[in-house]
Amino acid sequence: MEDAKLTLYEHLSELRGRLWKVTLVVLALGGASLAWSREIFNLLMRPVLAALPEGNRALVYTSGIEEINVLLKVGLYAGLFLATPVALHQLWKFVAPGLLKSERRAVGPFVAFGTVFFVAGALFCYWAILPSMFRFLLTPGEAGPVRERITLSRARAEDAGRLFFAGEPAGAAAMAREAVGELSGKGEGQIAPPPVLTTSPLEMGERAARLGRLLDLALGQPSAERSSLALAVKLHAEAEKLLSQGSLQQAAVNLEESLAALAQSFPDDAGSLREIWSAQRHLAAAQFRLGQEEWTKPMLSMKEQLSLVLMLEVAFGAIFELPLIMALLAMIGLLKFRFVAKYQRYAILACVVLAAIVSPTGDVVNLSLMAVPMVVCFEVGVLLVWVFERRRNERAAAAAADGEAGGTSAAG
């Protein structure tokens, strides 16, 4: 019955029935996935959030129902991914009448390998494509190196503060000088310190916050001279109050007096503490300059970033299915090795052009990360076409030989 030839209308009716089955499975699995849609969304957005500047790692929504729509879309696509084995099985059942009886038994390997290839493509996109792509897209060109130097300098300055209160003032002072040197880009701490007085509320706020962290560390030291330390805390609190009132100049003076009182709490190591404070002032000034240079600020919406990520995930899953699809077409006789080999160079060029179109960035690294898997998958497909076409020809020749032998014996 399976070998009976069907009309075009019957083929289309069968295709419609199988598509309905796949659709129902996708909807069922997607509905079940809604219970974890928020967790899945957070997982998908990790490469995006990791590429955003520190302190600004958040996505926005522009309408009251956008978040609900995003979570529904996540559930639907989760159902699509989970229904991959069912879709591949239905595809096999649709083309099975065009296969030899011995080939129809390969439904299990086809579904298993197809599912593995699809998942491998999605994982390759998630781990290799998305992080580098979003870093390229979301890192400001001119301010990027400055931000990197500030990040390294901040880490050294914070370590210097902890090292000082751990009883290593000399090492802390050296590390503070290294932090200042990082900001210069030369590795030397020979930049002129920023002026005490400034008209920038951002810079003053940074100074107050950094001095506050030093005071918190000092309060945990039993060896600190308590009266000087109490005065430092009082002056810092007054500076923060002045800042809130807009008195920047007096607040700057109070911060310097607070630091002087803190240094008196550790008279033997006052020089090292001033080195640390100098690094903190440099960092506050550098943060202010960075804010001036970064005149654009990323504000990404949930809907747009999810659409981009899901499009690339599905695209790479489909690309990794290319060898299997080519093998299936070769098995039913629709794709010939001679045709594939003849147009192989054009196919490779098409892969590169398609990768350039799909890639949201223009750099060579991301273009290669997209083009190379396409070319590799196509070459594996060419090899599979050659293997299955050869097997099909050998089986057809063997069947013809058996038929001729049977006819000759019957005639005899």
# chains A, B, ... in the order shown; residues from 1 in each chain; ligands from 1
call {"tool": "residues_around", "arguments": {"residues": "range 112-115 of chain A", "least_positions_apart": "4", "cutoff": "12 Å", "atoms": "only C-alpha atoms", "output": "PyMOL selection string"}}
result
chain A and resi 80-89+91-92+106-108+119-122+317-328
call {"tool": "select_by_dssp", "arguments": {"residues": "range 309-361 of chain A", "states": "helix (DSSP H, G or I)", "output": "PyMOL selection string"}}
result
chain A and resi 309-320+322-331+337-342+344-358
call {"tool": "write_last_selection", "arguments": {"atoms": "C-alpha atoms", "output": "PDB file, in the first residue's frame"}}
result
ATOM      1  CA  VAL A 309      18.687  35.789  19.490  1.00  0.00           C
ATOM      2  CA  LEU A 310      15.915  33.374  18.480  1.00  0.00           C
ATOM      3  CA  MET A 311      16.424  34.104  14.771  1.00  0.00           C
ATOM      4  CA  LEU A 312      20.124  33.262  15.023  1.00  0.00           C
ATOM      5  CA  GLU A 313      19.477  30.164  17.168  1.00  0.00           C
ATOM      6  CA  VAL A 314      16.978  28.736  14.672  1.00  0.00           C
ATOM      7  CA  ALA A 315      19.173  29.735  11.712  1.00  0.00           C
ATOM      8  CA  PHE A 316      22.201  27.893  13.053  1.00  0.00           C
ATOM      9  CA  GLY A 317      20.093  24.895  14.020  1.00  0.00           C
ATOM     10  CA  ALA A 318      18.850  24.755  10.405  1.00  0.00           C
ATOM     11  CA  ILE A 319      22.383  25.202   9.036  1.00  0.00           C
ATOM     12  CA  PHE A 320      23.599  22.194  11.007  1.00  0.00           C
ATOM     13  CA  LEU A 322      22.051  20.810   5.969  1.00  0.00           C
ATOM     14  CA  PRO A 323      24.111  17.565   5.690  1.00  0.00           C
ATOM     15  CA  LEU A 324      21.123  15.493   6.768  1.00  0.00           C
ATOM     16  CA  ILE A 325      18.746  17.214   4.324  1.00  0.00           C
ATOM     17  CA  MET A 326      21.226  16.765   1.464  1.00  0.00           C
ATOM     18  CA  ALA A 327      21.608  13.093   2.355  1.00  0.00           C
ATOM     19  CA  LEU A 328      17.821  12.646   2.397  1.00  0.00           C
ATOM     20  CA  LEU A 329      17.467  14.280  -1.033  1.00  0.00           C
ATOM     21  CA  ALA A 330      20.194  12.014  -2.359  1.00  0.00           C
ATOM     22  CA  MET A 331      18.421   8.948  -0.937  1.00  0.00           C
ATOM     23  CA  PHE A 337      26.578  14.118  -6.779  1.00  0.00           C
ATOM     24  CA  ARG A 338      27.518  15.311 -10.264  1.00  0.00           C
ATOM     25  CA  PHE A 339      25.244  18.347  -9.879  1.00  0.00           C
ATOM     26  CA  VAL A 340      26.555  19.167  -6.391  1.00  0.00           C
ATOM     27  CA  ALA A 341      30.189  18.802  -7.432  1.00  0.00           C
ATOM     28  CA  LYS A 342      29.649  20.996 -10.502  1.00  0.00           C
ATOM     29  CA  GLN A 344      30.265  23.388  -5.361  1.00  0.00           C
ATOM     30  CA  ARG A 345      32.333  26.566  -5.682  1.00  0.00           C
ATOM     31  CA  TYR A 346      29.208  28.651  -6.253  1.00  0.00           C
ATOM     32  CA  ALA A 347      27.600  27.097  -3.192  1.00  0.00           C
ATOM     33  CA  ILE A 348      30.622  28.030  -1.065  1.00  0.00           C
ATOM     34  CA  LEU A 349      30.434  31.599  -2.357  1.00  0.00           C
ATOM     35  CA  ALA A 350      26.708  31.632  -1.553  1.00  0.00           C
ATOM     36  CA  CYS A 351      27.483  30.500   2.002  1.00  0.00           C
ATOM     37  CA  VAL A 352      29.906  33.386   2.494  1.00  0.00           C
ATOM     38  CA  VAL A 353      27.468  35.918   1.019  1.00  0.00           C
ATOM     39  CA  LEU A 354      24.620  34.578   3.150  1.00  0.00           C
ATOM     40  CA  ALA A 355      26.814  34.758   6.257  1.00  0.00           C
ATOM     41  CA  ALA A 356      27.646  38.380   5.432  1.00  0.00           C
ATOM     42  CA  ILE A 357      23.930  39.175   5.095  1.00  0.00           C
ATOM     43  CA  VAL A 358      22.884  37.357   8.266  1.00  0.00           C
TER      44      VAL A 358
END
call {"tool": "residues_around", "arguments": {"residues": "Ser301 in chain A", "least_positions_apart": "3", "cutoff": "6 Å", "atoms": "only C-alpha atoms", "output": "list in words"}}
result
Leu59, Val60, Tyr61 and Glu304 of chain A
call {"tool": "closest_residue", "arguments": {"among": "A:Met45, A:Leu219, A:Ala78, A:Leu259", "to": "Met302 in chain A", "atoms": "only C-alpha atoms"}}
result
A:Met45
call {"tool": "closest_residue", "arguments": {"among": "A:Leu130, A:Ala176, A:Val233, A:Ala251", "to": "Ala50 in chain A", "atoms": "only C-alpha atoms"}}
result
A:Leu130
call {"tool": "closest_residue", "arguments": {"among": "A:Val74, A:Ala224, A:Leu255, A:Ile129", "to": "Gly167 in chain A", "atoms": "only C-alpha atoms"}}
result
A:Ala224
call {"tool": "atom_distance", "arguments": {"atom1": "CA of Arg149 in chain A", "atom2": "CA of Ser278 in chain A"}}
result
16.6 Å
call {"tool": "closest_residue", "arguments": {"among": "A:Leu273, A:Ala32, A:Val387, A:Ala397", "to": "Ala170 in chain A", "atoms": "only C-alpha atoms"}}
result
A:Leu273
call {"tool": "closest_residue", "arguments": {"among": "A:Phe118, A:Phe94, A:Trp277, A:Phe124", "to": "Glu158 in chain A", "atoms": "only C-alpha atoms"}}
result
A:Trp277
call {"tool": "closest_residue", "arguments": {"among": "A:Val253, A:Ile276, A:Ala261, A:Val375", "to": "Gly161 in chain A", "atoms": "only C-alpha atoms"}}
result
A:Ile276
call {"tool": "residues_around", "arguments": {"residues": "Leu15 in chain A", "least_positions_apart": "3", "cutoff": "10 Å", "atoms": "only C-alpha atoms", "output": "NGL selection string"}}
result
:A and (9-12 or 18-21 or 90-91 or 93-95)
call {"tool": "write_last_selection", "arguments": {"atoms": "C-alpha atoms", "output": "PDB file, in the first residue's frame"}}
result
ATOM      1  CA  TYR A   9      -3.725  16.360  -4.335  1.00  0.00           C
ATOM      2  CA  GLU A  10      -3.131  13.292  -2.166  1.00  0.00           C
ATOM      3  CA  HIS A  11       0.495  14.332  -1.582  1.00  0.00           C
ATOM      4  CA  LEU A  12      -0.616  17.815  -0.539  1.00  0.00           C
ATOM      5  CA  ARG A  18       1.642  15.961   8.925  1.00  0.00           C
ATOM      6  CA  LEU A  19       2.081  19.719   9.341  1.00  0.00           C
ATOM      7  CA  TRP A  20      -1.020  19.768  11.558  1.00  0.00           C
ATOM      8  CA  LYS A  21       0.474  17.026  13.728  1.00  0.00           C
ATOM      9  CA  GLN A  90       6.996  13.421  10.137  1.00  0.00           C
ATOM     10  CA  LEU A  91       9.373  14.602   7.399  1.00  0.00           C
ATOM     11  CA  LYS A  93       7.316   9.560   6.934  1.00  0.00           C
ATOM     12  CA  PHE A  94       6.398  11.998   4.147  1.00  0.00           C
ATOM     13  CA  VAL A  95       9.384  11.106   1.945  1.00  0.00           C
TER      14      VAL A  95
END
call {"tool": "residues_around", "arguments": {"residues": "Arg46 in chain A", "least_positions_apart": "2", "cutoff": "10 Å", "atoms": "only C-alpha atoms", "output": "JSON, numbers by chain"}}
result
{"A": [41, 42, 43, 44, 48, 49, 50, 51, 57, 126, 130, 131]}
call {"tool": "atom_distance", "arguments": {"atom1": "CA of Ala279 in chain A", "atom2": "CA of Gly246 in chain A"}}
result
24.6 Å
call {"tool": "decode", "arguments": {"residues": "range 251-280 of chain A", "atoms": "C-alpha atoms", "output": "mmCIF file, in the first residue's frame"}}
result
data_model
loop_
_atom_site.group_PDB
_atom_site.id
_atom_site.type_symbol
_atom_site.label_atom_id
_atom_site.label_comp_id
_atom_site.auth_asym_id
_atom_site.auth_seq_id
_atom_site.Cartn_x
_atom_site.Cartn_y
_atom_site.Cartn_z
ATOM 1 C CA ALA A 251 31.873 68.975 49.996
ATOM 2 C CA ALA A 252 35.264 68.494 48.297
ATOM 3 C CA VAL A 253 37.003 70.275 51.161
ATOM 4 C CA ASN A 254 35.175 68.116 53.717
ATOM 5 C CA LEU A 255 36.197 64.928 51.888
ATOM 6 C CA GLU A 256 39.867 65.960 51.979
ATOM 7 C CA GLU A 257 39.583 66.783 55.693
ATOM 8 C CA SER A 258 37.898 63.432 56.288
ATOM 9 C CA LEU A 259 40.784 61.673 54.529
ATOM 10 C CA ALA A 260 43.289 63.646 56.636
ATOM 11 C CA ALA A 261 41.503 62.533 59.816
ATOM 12 C CA LEU A 262 41.483 58.935 58.550
ATOM 13 C CA ALA A 263 45.236 59.172 57.914
ATOM 14 C CA GLN A 264 45.731 60.351 61.517
ATOM 15 C CA SER A 265 43.999 57.157 62.629
ATOM 16 C CA PHE A 266 46.952 55.240 61.126
ATOM 17 C CA PRO A 267 49.874 57.616 61.761
ATOM 18 C CA ASP A 268 52.588 55.078 60.891
ATOM 19 C CA ASP A 269 51.074 54.375 57.458
ATOM 20 C CA ALA A 270 49.534 57.727 56.588
ATOM 21 C CA GLY A 271 51.619 58.013 53.383
ATOM 22 C CA SER A 272 50.346 54.701 52.011
ATOM 23 C CA LEU A 273 46.765 55.696 52.797
ATOM 24 C CA ARG A 274 47.216 58.955 50.876
ATOM 25 C CA GLU A 275 48.535 56.945 47.893
ATOM 26 C CA ILE A 276 45.352 54.884 47.987
ATOM 27 C CA TRP A 277 43.181 58.003 48.185
ATOM 28 C CA SER A 278 45.061 59.492 45.226
ATOM 29 C CA ALA A 279 44.178 56.398 43.167
ATOM 30 C CA GLN A 280 40.544 56.709 44.223
#
